[in-house]
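Colleague: Before I ask anything, let me first share the structure, which is written out below as structure tokens.
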Amino acid sequence: MAGGKMKKEKSKAQQHTPYQGGISFHKSKGQHILKNPLLVDTIVQKSGIKSTDVVLEIGPGTGNLTKKLLEAGKKVIAVEIDPRMVLELQRRFQGTPYSNRLTVIQGDVLKTELPYFDICVANIPYQISSPLTFKLLGHQPAFRCAIIMFQREFAMRLVAQPGDKLYCRLTVNTQLHARIFHLLKVGRNNFRPPPKVDSSVVRIEPRKPRIDVNQKEWDGFLRICFNRKNKTLGAIFRQKNVISLLEKNYKTVQALKLSNEDPPKETETKMDLSNLDDFTDDEGMDMDGGTDDEMEVEDGEAGEVQSEFKGKVLGVLKEADFEEKRSSKLSLQEFLYLLSLFNKAGIHFC
């Protein structure tokens with residue numbers, strides 16, 4: 001029994017790493033606090049903060065980075081979900097010249113309505129990387145830039161270029177909304193407790209003006225293109241289930257035109273992808289390092305349908321010489337151009 005008790009106590013000690021102020025960090029919740037002061041200074045320097053800037057900090061932890069942000073900017077709005085960290089922040093800056101320039105919001109950043117800010121600086125739990133990125137990119141009015149610490153593989157997906165191994169649907173979707181730059185690699189030993197993987201800091205600059213595209217149409221289109229990113233577009237669009245979905249949507253749109261009815265809401269015309277069991281998000285990642293990049297799908301030859309509509313779809317690909325091209329090597333501009341050709345031919349994805 002003594003041995004069992006010692007194992008249990010050892011297990012608990014491994015789960016939580018104590019902070020010098022008495023706070024335990026929970027690795028399971030993605031709490032990894034930056035402990036390298038030189039790295040903190042570098043992040044603030046690369047943020048390009050002006051003395052008039054309102055800075056949004058996500059996941060301030062115990063305030064090591066917060067202090068530097070307060071020194072550089074006009075005001076810091078810190079969003080923290082852990083009430084223990086909130087109390088630590090309040091104690092740390094209470095009675096200092098910074099106290100009236102720091103606002104702490106306790107809550108889940110994904111469920112919080114974000115106020116106006118000029119710059120976002122964040123060291124976030126890696127499991128919220130994708131939803132937080134798109135929440136920020138949808139924020140209005142658009143901010144100047146965001147400096148965010150991501151798991152290295154996720155960061156490299158954001159900055160990937162056509163032909164790169166990590167180039168995926170996440171890449172194209174984020175680059176539609178923003179220009180993204182890799183700033184620096186951060187080793188795991190710069191954190192307390194150290195995570196299982198290395199990290200990277202990226203700079204995200206929202207596009208101004210935004211690229212005008214129907215987001216649901218775009219998303220449906222990319223889901224099909226990146227179903228198997230290394231297959232030719234001709235092979236992907238020959239698949240029976242893809243043709244069937246597109247034809248069903250095409251007939252709906254044509255019927256609406258003939259009846260002169262107002263188009264239904266997007267949520268009502270969104271393509272039903274439930275039959276495409278193998279359609280998957282390329283950005284679905286195990287934040288400890290695993291990826292789910294491609295999945296097996298039904299080969300085009302297994303169930304091709306011969307129809308006038310199929311010829312119409314393939315005709316669009318042949319017209320602009322896309323039939324033998326692969327999604328893994330197409331640029332953002334090429335995706336936008338191909339979508340416009342499909343739409344011009346009356347083929348829609350939502």
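Quick note on naming: the chains in the structure tokens go A, B, ... in the order shown, residues restart at 1 in each chain, and ligands are numbered from 1 in order of appearance.
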Residues of range 139-191 of chain A that have any atom at most 10 Å from an atom of range 47-67 of chain A: could you tabulate them with the shortest-distance atom pair and the distance in Å to one decimal, using only C-alpha atoms, ordered by chain and increasing number, as a tab-separated table?

Modeller:
```
residue	atom	partner	partner_atom	distance
A:Phe143	CA	A:Val55	CA	9.9
A:Arg144	CA	A:Asp53	CA	9.8
A:Cys145	CA	A:Ser47	CA	8.0
A:Ala146	CA	A:Ser47	CA	7.8
A:Ile147	CA	A:Ser47	CA	6.2
A:Ile148	CA	A:Ile58	CA	9.1
A:Leu183	CA	A:Ser47	CA	10.0
```

Colleague: Write a file of the selected residues as a PDB file, in the first residue's frame, keeping N, CA and C atoms.

Modeller:
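Printed below is again.pdb as written:
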```pdb
ATOM      1  N   PHE A 143      -7.949  44.545 -36.992  1.00  0.00           N
ATOM      2  CA  PHE A 143      -6.784  45.005 -36.240  1.00  0.00           C
ATOM      3  C   PHE A 143      -5.580  45.113 -37.171  1.00  0.00           C
ATOM      4  N   ARG A 144      -4.502  45.696 -36.671  1.00  0.00           N
ATOM      5  CA  ARG A 144      -3.315  45.879 -37.520  1.00  0.00           C
ATOM      6  C   ARG A 144      -2.543  44.572 -37.702  1.00  0.00           C
ATOM      7  N   CYS A 145      -2.313  43.866 -36.602  1.00  0.00           N
ATOM      8  CA  CYS A 145      -1.623  42.581 -36.712  1.00  0.00           C
ATOM      9  C   CYS A 145      -1.812  41.777 -35.428  1.00  0.00           C
ATOM     10  N   ALA A 146      -1.539  40.479 -35.526  1.00  0.00           N
ATOM     11  CA  ALA A 146      -1.558  39.591 -34.365  1.00  0.00           C
ATOM     12  C   ALA A 146      -0.247  38.824 -34.320  1.00  0.00           C
ATOM     13  N   ILE A 147       0.364  38.781 -33.152  1.00  0.00           N
ATOM     14  CA  ILE A 147       1.595  38.030 -32.945  1.00  0.00           C
ATOM     15  C   ILE A 147       1.241  36.861 -32.040  1.00  0.00           C
ATOM     16  N   ILE A 148       1.258  35.641 -32.592  1.00  0.00           N
ATOM     17  CA  ILE A 148       0.724  34.494 -31.849  1.00  0.00           C
ATOM     18  C   ILE A 148       1.731  33.342 -31.814  1.00  0.00           C
ATOM     19  N   LEU A 183       8.027  34.364 -37.702  1.00  0.00           N
ATOM     20  CA  LEU A 183       8.974  35.273 -37.050  1.00  0.00           C
ATOM     21  C   LEU A 183      10.122  34.534 -36.380  1.00  0.00           C
TER      22      LEU A 183
END
```

Colleague: Just want the 8 Å neighbourhood of range 157-162 of chain A, counted on only C-alpha atoms, with same-chain residues fewer than 4 positions away dropped. Output as a VMD selection string.

Modeller: chain A and resid 153 166 to 168 170 to 171 174 to 175 180 to 182 328 to 331

Colleague: Taking the chain letters and numbering used in this document, name the residues of range 21-186 of chain A that DSSP puts in helix (DSSP H, G or I), as a count of residues only.

Modeller: 69

Colleague: Enter the distance from CA of Arg188 in chain A to CA of Phe154 in chain A, in Å, rounded to one decimal.

Modeller: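 CA of Arg188 in chain A sits 14.9 Å away from CA of Phe154 in chain A.
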
Colleague: Could you give me, as an NGL selection string, the residues within 10 Å of Leu336 in chain A, counting only C-alpha atoms and dropping anything in the same chain fewer than 2 positions from it?

Modeller: :A and (176 or 211 or 213 or 218 or 221 or 331-334 or 338-341)

Colleague: Restricting it to N, CA and C atoms, dump the selection as a short mmCIF file (atom, residue, chain, number, x, y, z; two decimals), in the first residue's frame.

Modeller:
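Writing the result to out.cif gives the following:
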```
data_model
loop_
_atom_site.label_atom_id
_atom_site.label_comp_id
_atom_site.auth_asym_id
_atom_site.auth_seq_id
_atom_site.Cartn_x
_atom_site.Cartn_y
_atom_site.Cartn_z
N LEU A 176 -6.38 33.51 -47.42
CA LEU A 176 -7.45 34.27 -48.07
C LEU A 176 -7.73 35.55 -47.28
N ILE A 211 -10.64 40.18 -49.47
CA ILE A 211 -10.97 39.56 -50.75
C ILE A 211 -12.45 39.20 -50.73
N VAL A 213 -15.42 37.19 -51.42
CA VAL A 213 -15.80 35.84 -51.82
C VAL A 213 -16.87 35.34 -50.86
N TRP A 218 -16.87 29.22 -50.87
CA TRP A 218 -15.43 28.99 -50.83
C TRP A 218 -15.10 27.74 -50.00
N PHE A 221 -16.09 24.53 -51.79
CA PHE A 221 -15.17 24.31 -52.91
C PHE A 221 -13.85 23.73 -52.41
N SER A 331 -1.99 27.98 -56.24
CA SER A 331 -1.88 29.19 -55.42
C SER A 331 -3.27 29.68 -55.04
N LEU A 332 -3.33 30.60 -54.10
CA LEU A 332 -4.60 31.21 -53.69
C LEU A 332 -5.29 31.83 -54.89
N GLN A 333 -4.54 32.54 -55.73
CA GLN A 333 -5.13 33.19 -56.90
C GLN A 333 -5.73 32.16 -57.86
N GLU A 334 -5.07 31.02 -58.01
CA GLU A 334 -5.59 29.98 -58.91
C GLU A 334 -6.89 29.37 -58.36
N LEU A 338 -10.41 29.48 -60.36
CA LEU A 338 -11.16 28.28 -60.69
C LEU A 338 -12.58 28.35 -60.12
N LEU A 339 -12.72 28.83 -58.91
CA LEU A 339 -14.06 28.97 -58.33
C LEU A 339 -14.91 29.92 -59.16
N SER A 340 -14.30 31.00 -59.65
CA SER A 340 -15.05 31.95 -60.47
C SER A 340 -15.51 31.31 -61.78
N LEU A 341 -14.68 30.41 -62.33
CA LEU A 341 -15.06 29.71 -63.57
C LEU A 341 -16.23 28.76 -63.33
#
```

Colleague: As an exercise, work out the distance from CA of Leu246 in chain A to CA of Gly315 in chain A in Å and give it to one decimal place.

Modeller: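 Distance reported for this atom pair: 14.1 Å.
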
Colleague: Choose the residue, out of A:Gln254, A:Ser327, A:Ser129, A:Ser99, that has the smallest atom-to-atom separation from Arg169 in chain A; count only C-alpha atoms.

Modeller: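 Answer, going by the shortest atom-to-atom distance: A:Ser327.
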
Colleague: Neighbours of Val44 in chain A within 8 Å (only C-alpha atoms; same-chain residues fewer than 5 positions away dropped), as a PyMOL selection string?

Modeller: chain A and resi 49+68-69+72

Colleague: Selected residues, C-alpha atoms, written as a tab-separated table (two decimals), in the first residue's frame, please.

Modeller:
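Okay, selection.tsv is ready:
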```tsv
chain	number	residue	atom	x	y	z
A	49	ILE	CA	3.67	48.19	-30.67
A	68	LYS	CA	6.34	44.35	-21.23
A	69	LEU	CA	3.17	45.05	-23.24
A	72	ALA	CA	5.16	49.51	-24.78
```

Colleague: DSSP on the backbone: which residues in range 44-208 of chain A end up as strand (DSSP E)? Give the answer as a ChimeraX atom specification.

Modeller: /A:54-58,75-80,102-106,119-123,145-151,178-186,191-192,199-206

Colleague: Using N, CA and C atoms, can you write the selected residues to a file as a compact mmCIF listing (two decimals), in the first residue's frame?

Modeller:
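So out_35.txt came out as:
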```
# COMPACT_ATOMS: atom_id res chain seq x y z
N VAL A 54 -3.82 49.94 -28.38
CA VAL A 54 -4.54 49.09 -27.44
C VAL A 54 -4.15 47.65 -27.80
N VAL A 55 -3.61 46.93 -26.82
CA VAL A 55 -3.09 45.58 -27.06
C VAL A 55 -4.02 44.56 -26.41
N LEU A 56 -4.43 43.56 -27.20
CA LEU A 56 -5.20 42.43 -26.67
C LEU A 56 -4.23 41.29 -26.40
N GLU A 57 -4.17 40.87 -25.14
CA GLU A 57 -3.33 39.71 -24.80
C GLU A 57 -4.23 38.54 -24.43
N ILE A 58 -4.03 37.41 -25.09
CA ILE A 58 -4.81 36.20 -24.82
C ILE A 58 -3.94 35.21 -24.08
N LYS A 75 -2.63 50.68 -23.60
CA LYS A 75 -3.52 49.91 -22.75
C LYS A 75 -3.42 48.44 -23.12
N VAL A 76 -3.60 47.57 -22.12
CA VAL A 76 -3.61 46.13 -22.37
C VAL A 76 -4.93 45.57 -21.86
N ILE A 77 -5.60 44.80 -22.75
CA ILE A 77 -6.80 44.06 -22.38
C ILE A 77 -6.42 42.59 -22.37
N ALA A 78 -6.42 41.97 -21.20
CA ALA A 78 -5.98 40.59 -21.06
C ALA A 78 -7.18 39.67 -20.85
N VAL A 79 -7.27 38.62 -21.67
CA VAL A 79 -8.36 37.65 -21.54
C VAL A 79 -7.77 36.35 -20.98
N GLU A 80 -8.24 35.96 -19.81
CA GLU A 80 -7.71 34.78 -19.11
C GLU A 80 -8.86 33.94 -18.56
N LEU A 102 -4.52 48.45 -17.36
CA LEU A 102 -4.73 47.02 -17.56
C LEU A 102 -6.17 46.65 -17.25
N THR A 103 -6.83 46.02 -18.22
CA THR A 103 -8.17 45.48 -18.03
C THR A 103 -8.10 43.96 -18.18
N VAL A 104 -8.56 43.25 -17.17
CA VAL A 104 -8.52 41.78 -17.20
C VAL A 104 -9.94 41.25 -17.38
N ILE A 105 -10.15 40.46 -18.40
CA ILE A 105 -11.44 39.82 -18.66
C ILE A 105 -11.30 38.33 -18.36
N GLN A 106 -12.07 37.84 -17.39
CA GLN A 106 -12.03 36.42 -17.08
C GLN A 106 -13.07 35.69 -17.93
N ILE A 119 -3.53 45.63 -31.76
CA ILE A 119 -2.61 44.51 -31.90
C ILE A 119 -3.00 43.41 -30.92
N CYS A 120 -2.89 42.17 -31.36
CA CYS A 120 -3.12 41.03 -30.48
C CYS A 120 -1.79 40.30 -30.27
N VAL A 121 -1.49 39.98 -29.02
CA VAL A 121 -0.31 39.18 -28.69
C VAL A 121 -0.79 38.01 -27.85
N ALA A 122 -0.44 36.78 -28.24
CA ALA A 122 -1.03 35.64 -27.55
C ALA A 122 -0.08 34.45 -27.47
N ASN A 123 -0.03 33.85 -26.30
CA ASN A 123 0.60 32.55 -26.08
C ASN A 123 -0.53 31.64 -25.63
N CYS A 145 -2.31 43.87 -36.60
CA CYS A 145 -1.62 42.58 -36.71
C CYS A 145 -1.81 41.78 -35.43
N ALA A 146 -1.54 40.48 -35.53
CA ALA A 146 -1.56 39.59 -34.37
C ALA A 146 -0.25 38.82 -34.32
N ILE A 147 0.36 38.78 -33.15
CA ILE A 147 1.60 38.03 -32.95
C ILE A 147 1.24 36.86 -32.04
N ILE A 148 1.26 35.64 -32.59
CA ILE A 148 0.72 34.49 -31.85
C ILE A 148 1.73 33.34 -31.81
N MET A 149 1.82 32.72 -30.64
CA MET A 149 2.64 31.53 -30.46
C MET A 149 1.78 30.30 -30.74
N PHE A 150 2.20 29.51 -31.74
CA PHE A 150 1.49 28.29 -32.10
C PHE A 150 2.41 27.09 -31.96
N GLN A 151 1.82 25.90 -31.91
CA GLN A 151 2.61 24.69 -32.11
C GLN A 151 3.31 24.83 -33.44
N ALA A 178 -5.62 36.85 -44.68
CA ALA A 178 -4.49 37.56 -44.09
C ALA A 178 -3.17 37.19 -44.74
N ARG A 179 -2.20 38.08 -44.57
CA ARG A 179 -0.81 37.77 -44.90
C ARG A 179 -0.16 37.27 -43.62
N ILE A 180 0.59 36.17 -43.72
CA ILE A 180 1.14 35.53 -42.53
C ILE A 180 2.64 35.33 -42.70
N PHE A 181 3.39 35.68 -41.65
CA PHE A 181 4.84 35.61 -41.69
C PHE A 181 5.36 34.83 -40.48
N HIS A 182 6.35 33.97 -40.72
CA HIS A 182 7.00 33.27 -39.62
C HIS A 182 8.07 34.17 -39.02
N LEU A 183 8.03 34.36 -37.70
CA LEU A 183 8.97 35.27 -37.05
C LEU A 183 10.12 34.53 -36.38
N LEU A 184 9.82 33.55 -35.55
CA LEU A 184 10.91 32.83 -34.89
C LEU A 184 10.45 31.49 -34.35
N LYS A 185 11.39 30.57 -34.27
CA LYS A 185 11.14 29.26 -33.68
C LYS A 185 11.45 29.33 -32.19
N VAL A 186 10.63 28.66 -31.39
CA VAL A 186 10.79 28.70 -29.94
C VAL A 186 10.89 27.27 -29.41
N PHE A 191 9.62 27.24 -21.86
CA PHE A 191 8.35 27.28 -21.14
C PHE A 191 8.44 26.54 -19.81
N ARG A 192 7.57 26.93 -18.90
CA ARG A 192 7.40 26.20 -17.65
C ARG A 192 5.92 25.84 -17.53
N SER A 199 7.60 25.28 -30.62
CA SER A 199 6.61 26.28 -31.02
C SER A 199 7.20 27.24 -32.04
N SER A 200 6.35 28.07 -32.61
CA SER A 200 6.78 29.14 -33.51
C SER A 200 5.90 30.35 -33.29
N VAL A 201 6.47 31.52 -33.48
CA VAL A 201 5.72 32.77 -33.40
C VAL A 201 5.47 33.26 -34.82
N VAL A 202 4.22 33.59 -35.13
CA VAL A 202 3.89 34.11 -36.46
C VAL A 202 3.24 35.48 -36.33
N ARG A 203 3.32 36.24 -37.40
CA ARG A 203 2.68 37.55 -37.49
C ARG A 203 1.55 37.45 -38.52
N ILE A 204 0.33 37.80 -38.11
CA ILE A 204 -0.84 37.74 -38.97
C ILE A 204 -1.34 39.15 -39.24
N GLU A 205 -1.39 39.53 -40.51
CA GLU A 205 -1.86 40.86 -40.90
C GLU A 205 -3.12 40.71 -41.76
N PRO A 206 -4.30 41.06 -41.23
CA PRO A 206 -5.53 40.95 -42.02
C PRO A 206 -5.43 41.74 -43.32
```

Colleague: At a cut-off of 8 Å, using only C-alpha atoms, what residues contact Leu314 in chain A? Leave out same-chain residues fewer than 5 positions from it and give the result as a VMD selection string.

Modeller: chain A and resid 234 237 to 238 323

Colleague: Can you measure CA of Lys208 in chain A to CA of Ala142 in chain A for me? One decimal in Å is fine.

Modeller: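 Going from CA of Lys208 in chain A over to CA of Ala142 in chain A covers 8.3 Å.
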